[in-house]
Every structure is written in structure tokens, then in C-alpha cells.
Amino acid sequence: MEYWDIYDRDKKPTGRTMKKNDWNMKDGEFHLTVLGVLKRPDKKFLITQRVMTKSWAPGHWEVSGGGVKAGETSREAVNREVLEETGIDVSGIKEDFLYTYSRENPKEGDNYFVDAYLFTVDFELNDVKIQEEEVMDYKLATLKEIKKIAEEGKFMHYDSIKCVFEK
């Protein structure tokens, strides 16, 4: 069973944990997730398409990400998630930009912080090794192409992280 740390409104760990996806956050409690935006030097971004078996937003496009495990730092989590989902290792690469936002969803009991990282990485499409349980397709896309997908309502989190793509 995977556990996540619980944070307060100031993004400080409370010392308590929760089971992964156990949406029982109380007012003022948050968990932490990460997103890793990979940009090549030619300004194309690696985007992935969620498998159709996902309960939420199947078939939507996104960037790699997921929950931060208990005891793990945000940076450790983004390194792990990007590697698991794409096969690209960003552990030795300094991020170009880090952006944090939060969401409170009291009706769902799901309050969270998101740390969105931008990495400039020189890679080829044949370097990508997708995690087939999570990802059904991937491609390189320009900012214009990503905006078009977002306008169609098929790109997850775009409104929240568009500043990362535009950096």
C-alpha cells in the first residue's frame, strides 16, 4: 500500500500520512503531486495520452506526473514519475522553472498542491519508453498544438500550468 504525506495550508508536512487516493482530506489538509514538463531544445514538448481504462479523463493528453510518496521530496517524485512514465531520466538535470498551485475540493475530500517542473532535455522520440499501464500514446507537440488540444478540452491541467509551457 502506498502512502502520501499530509500537508497544511502552508505546504508544511503535518507528520501524518494518508493512503494513496483515499480522498478524506479535512479542511486545511493537502497532499502533494508533481508534474514534469519536458521541453526539447527545439521548443517541442513531450506529451502523453492517458489509457482509456483511467477512471478520470481517459484518453486526455497530459504531462508526466503523480503523487508524492510519504517521505519523498517533490523533486524525487518528479524524477521517479517522469522516468516511470516516459523512460527519460531527469534526475541529473536542473529544472528550468518550478511552479506551484493548489486546489481545494472539499466536496470530494481531495485538496492538493501541485509542483510543476520544466526541464529542457535533449532526447529523441525513440528514447521514450512509455509505461503502458498509464500511457497509450505520446508525441512531440509545439505550444500551439498543445493550446489547440486544450481548447478542445482534451489536455489535463492546461489552464493551471500554461505558464510552465510558456516559460
# chains A, B, ... in the order shown; residues from 1 in each chain; ligands from 1

$ residues_around --residues "A:Met18" --least-positions-apart "5" --cutoff "7 Å" --atoms "only C-alpha atoms" --output "PyMOL selection string"
chain A and resi 3-6

$ residues_around --residues "stretch 42-44 of chain A" --least-positions-apart "3" --cutoff "12 Å" --atoms "only C-alpha atoms" --output "list of chain:residue names"
A:Val37, A:Leu38, A:Lys39, A:Ile47, A:Leu118, A:Phe119, A:Thr120, A:Val121, A:Asp122, A:Phe123, A:Glu124, A:Leu125, A:Lys139, A:Leu140, A:Ala141, A:Thr142, A:Leu143, A:Lys144, A:Glu145, A:Ile146, A:Phe165, A:Glu166, A:Lys167

$ select_by_dssp --residues "stretch 13-165 of chain A" --states "strand (DSSP E)" --output "PyMOL selection string"
chain A and resi 13-19+31-39+45-50+61-62+64-67+97-103+112-120+135-141

$ atom_distance --atom1 "atom CA of A:Asn126" --atom2 "atom CA of A:Lys94"
22.8 Å

$ residues_around --residues "A:Asn79" --least-positions-apart "4" --cutoff "7 Å" --atoms "only C-alpha atoms" --output "PDB file with C-alpha atoms, in the first residue's frame"
ATOM      1  CA  ARG A  75      11.950  16.626  -6.739  1.00  0.00           C
ATOM      2  CA  LEU A  83      11.274   8.051 -15.539  1.00  0.00           C
ATOM      3  CA  ASP A  89      15.847  10.354 -16.635  1.00  0.00           C
ATOM      4  CA  VAL A  90      15.740  13.962 -15.381  1.00  0.00           C
ATOM      5  CA  SER A  91      17.461  13.258 -12.053  1.00  0.00           C
TER       6      SER A  91
END

$ closest_residue --among "A:Met136, A:Asp27, A:Asp159, A:Ala150" --to "A:Lys54" --atoms "only C-alpha atoms"
A:Met136

$ decode --residues "stretch 1-152 of chain A" --atoms "C-alpha atoms" --output "tab-separated table (two decimals), in the first residue's frame"
chain	number	residue	atom	x	y	z
A	1	MET	CA	0.00	0.00	0.00
A	2	GLU	CA	1.33	3.41	-0.97
A	3	TYR	CA	1.08	6.31	1.48
A	4	TRP	CA	1.25	10.06	0.95
A	5	ASP	CA	2.24	12.76	3.44
A	6	ILE	CA	-0.42	15.22	4.58
A	7	TYR	CA	0.49	18.93	4.38
A	8	ASP	CA	-1.04	22.02	5.95
A	9	ARG	CA	-2.16	25.17	4.08
A	10	ASP	CA	1.42	26.48	4.15
A	11	LYS	CA	2.66	23.31	2.39
A	12	LYS	CA	4.38	22.10	5.52
A	13	PRO	CA	4.24	18.39	6.41
A	14	THR	CA	1.93	17.64	9.34
A	15	GLY	CA	3.71	14.40	10.26
A	16	ARG	CA	0.61	12.40	9.29
A	17	THR	CA	0.03	10.25	6.22
A	18	MET	CA	-2.88	9.00	4.14
A	19	LYS	CA	-3.40	6.01	1.89
A	20	LYS	CA	-2.94	6.79	-1.80
A	21	ASN	CA	-6.20	8.04	-3.35
A	22	ASP	CA	-8.06	7.84	-0.02
A	23	TRP	CA	-9.94	11.10	-0.52
A	24	ASN	CA	-10.74	12.07	3.06
A	25	MET	CA	-8.84	15.34	3.36
A	26	LYS	CA	-10.12	17.64	6.07
A	27	ASP	CA	-10.33	21.40	5.71
A	28	GLY	CA	-6.77	22.74	5.64
A	29	GLU	CA	-5.20	19.35	4.76
A	30	PHE	CA	-3.50	18.72	1.42
A	31	HIS	CA	-1.48	16.07	-0.35
A	32	LEU	CA	1.27	16.84	-2.86
A	33	THR	CA	1.50	15.88	-6.52
A	34	VAL	CA	4.04	16.70	-9.22
A	35	LEU	CA	4.05	17.28	-12.97
A	36	GLY	CA	7.13	17.13	-15.18
A	37	VAL	CA	7.05	19.16	-18.40
A	38	LEU	CA	9.77	18.02	-20.81
A	39	LYS	CA	10.83	20.54	-23.45
A	40	ARG	CA	13.39	19.80	-26.11
A	41	PRO	CA	15.84	22.49	-27.27
A	42	ASP	CA	13.70	22.87	-30.43
A	43	LYS	CA	10.82	24.02	-28.13
A	44	LYS	CA	8.71	20.90	-28.67
A	45	PHE	CA	7.16	19.26	-25.62
A	46	LEU	CA	6.68	15.60	-24.83
A	47	ILE	CA	3.01	14.93	-24.10
A	48	THR	CA	1.35	11.64	-23.27
A	49	GLN	CA	-2.15	10.31	-23.69
A	50	ARG	CA	-3.87	8.58	-20.78
A	51	VAL	CA	-5.04	5.00	-21.22
A	52	MET	CA	-8.76	4.51	-21.75
A	53	THR	CA	-9.05	2.45	-18.55
A	54	LYS	CA	-8.40	5.51	-16.36
A	55	SER	CA	-11.47	6.35	-14.27
A	56	TRP	CA	-10.85	10.07	-14.67
A	57	ALA	CA	-10.15	11.76	-18.04
A	58	PRO	CA	-9.42	8.65	-20.12
A	59	GLY	CA	-7.84	9.48	-23.47
A	60	HIS	CA	-6.86	13.00	-22.42
A	61	TRP	CA	-3.39	14.38	-23.08
A	62	GLU	CA	-1.09	15.40	-20.23
A	63	VAL	CA	2.47	15.57	-18.99
A	64	SER	CA	4.03	13.01	-16.64
A	65	GLY	CA	3.16	13.24	-13.00
A	66	GLY	CA	1.66	11.70	-9.92
A	67	GLY	CA	1.53	11.64	-6.16
A	68	VAL	CA	4.50	12.27	-3.90
A	69	LYS	CA	5.05	9.23	-1.69
A	70	ALA	CA	5.39	9.60	2.08
A	71	GLY	CA	8.96	10.61	2.94
A	72	GLU	CA	9.75	11.55	-0.65
A	73	THR	CA	10.61	15.09	-1.76
A	74	SER	CA	8.81	16.78	-4.61
A	75	ARG	CA	11.95	16.63	-6.74
A	76	GLU	CA	12.48	12.93	-6.02
A	77	ALA	CA	8.86	12.29	-7.02
A	78	VAL	CA	9.07	14.17	-10.33
A	79	ASN	CA	12.30	12.31	-11.17
A	80	ARG	CA	10.55	8.98	-10.44
A	81	GLU	CA	7.29	9.79	-12.25
A	82	VAL	CA	8.96	11.08	-15.42
A	83	LEU	CA	11.27	8.05	-15.54
A	84	GLU	CA	8.43	5.57	-14.89
A	85	GLU	CA	6.06	7.08	-17.44
A	86	THR	CA	8.50	8.07	-20.22
A	87	GLY	CA	11.84	6.35	-19.63
A	88	ILE	CA	13.54	9.78	-19.61
A	89	ASP	CA	15.85	10.35	-16.64
A	90	VAL	CA	15.74	13.96	-15.38
A	91	SER	CA	17.46	13.26	-12.05
A	92	GLY	CA	20.71	14.90	-13.12
A	93	ILE	CA	19.08	17.85	-14.88
A	94	LYS	CA	18.44	21.17	-13.16
A	95	GLU	CA	14.88	22.34	-13.63
A	96	ASP	CA	14.34	25.49	-15.69
A	97	PHE	CA	11.24	26.51	-13.77
A	98	LEU	CA	9.19	25.36	-10.81
A	99	TYR	CA	5.61	26.49	-10.35
A	100	THR	CA	3.26	25.52	-7.52
A	101	TYR	CA	-0.51	25.82	-7.35
A	102	SER	CA	-3.16	24.38	-5.07
A	103	ARG	CA	-6.74	23.16	-5.35
A	104	GLU	CA	-9.33	22.70	-2.64
A	105	ASN	CA	-12.18	20.30	-3.34
A	106	PRO	CA	-13.99	19.93	-0.01
A	107	LYS	CA	-16.94	18.02	-1.51
A	108	GLU	CA	-14.56	15.35	-2.86
A	109	GLY	CA	-12.19	15.47	0.14
A	110	ASP	CA	-9.31	15.99	-2.30
A	111	ASN	CA	-7.19	19.05	-1.53
A	112	TYR	CA	-3.79	19.12	-3.14
A	113	PHE	CA	-0.70	21.08	-4.07
A	114	VAL	CA	0.91	20.58	-7.48
A	115	ASP	CA	4.58	21.28	-8.12
A	116	ALA	CA	5.01	21.63	-11.91
A	117	TYR	CA	8.60	21.38	-13.14
A	118	LEU	CA	10.00	22.39	-16.52
A	119	PHE	CA	13.05	20.54	-17.82
A	120	THR	CA	14.88	21.22	-21.07
A	121	VAL	CA	16.06	17.81	-22.23
A	122	ASP	CA	17.68	16.77	-25.49
A	123	PHE	CA	16.04	13.46	-26.46
A	124	GLU	CA	14.60	11.69	-29.47
A	125	LEU	CA	11.19	10.05	-29.67
A	126	ASN	CA	12.83	6.62	-29.81
A	127	ASP	CA	14.32	7.36	-26.35
A	128	VAL	CA	10.79	7.39	-24.89
A	129	LYS	CA	9.70	4.18	-23.16
A	130	ILE	CA	6.08	4.59	-22.06
A	131	GLN	CA	4.51	2.94	-19.05
A	132	GLU	CA	1.78	1.01	-20.83
A	133	GLU	CA	-0.46	0.78	-17.74
A	134	GLU	CA	-0.66	4.61	-17.69
A	135	VAL	CA	0.06	5.82	-21.23
A	136	MET	CA	-1.44	4.72	-24.56
A	137	ASP	CA	0.27	7.23	-26.85
A	138	TYR	CA	2.84	10.02	-26.85
A	139	LYS	CA	4.12	12.68	-29.19
A	140	LEU	CA	6.14	15.84	-29.51
A	141	ALA	CA	3.98	18.94	-29.72
A	142	THR	CA	4.52	22.66	-30.12
A	143	LEU	CA	2.92	25.12	-27.71
A	144	LYS	CA	0.42	25.98	-30.45
A	145	GLU	CA	-0.57	22.31	-30.80
A	146	ILE	CA	-0.93	21.93	-27.03
A	147	LYS	CA	-3.12	25.03	-26.85
A	148	LYS	CA	-5.36	23.56	-29.58
A	149	ILE	CA	-5.74	20.29	-27.65
A	150	ALA	CA	-6.53	22.33	-24.52
A	151	GLU	CA	-9.16	24.37	-26.38
A	152	GLU	CA	-10.82	21.08	-27.32
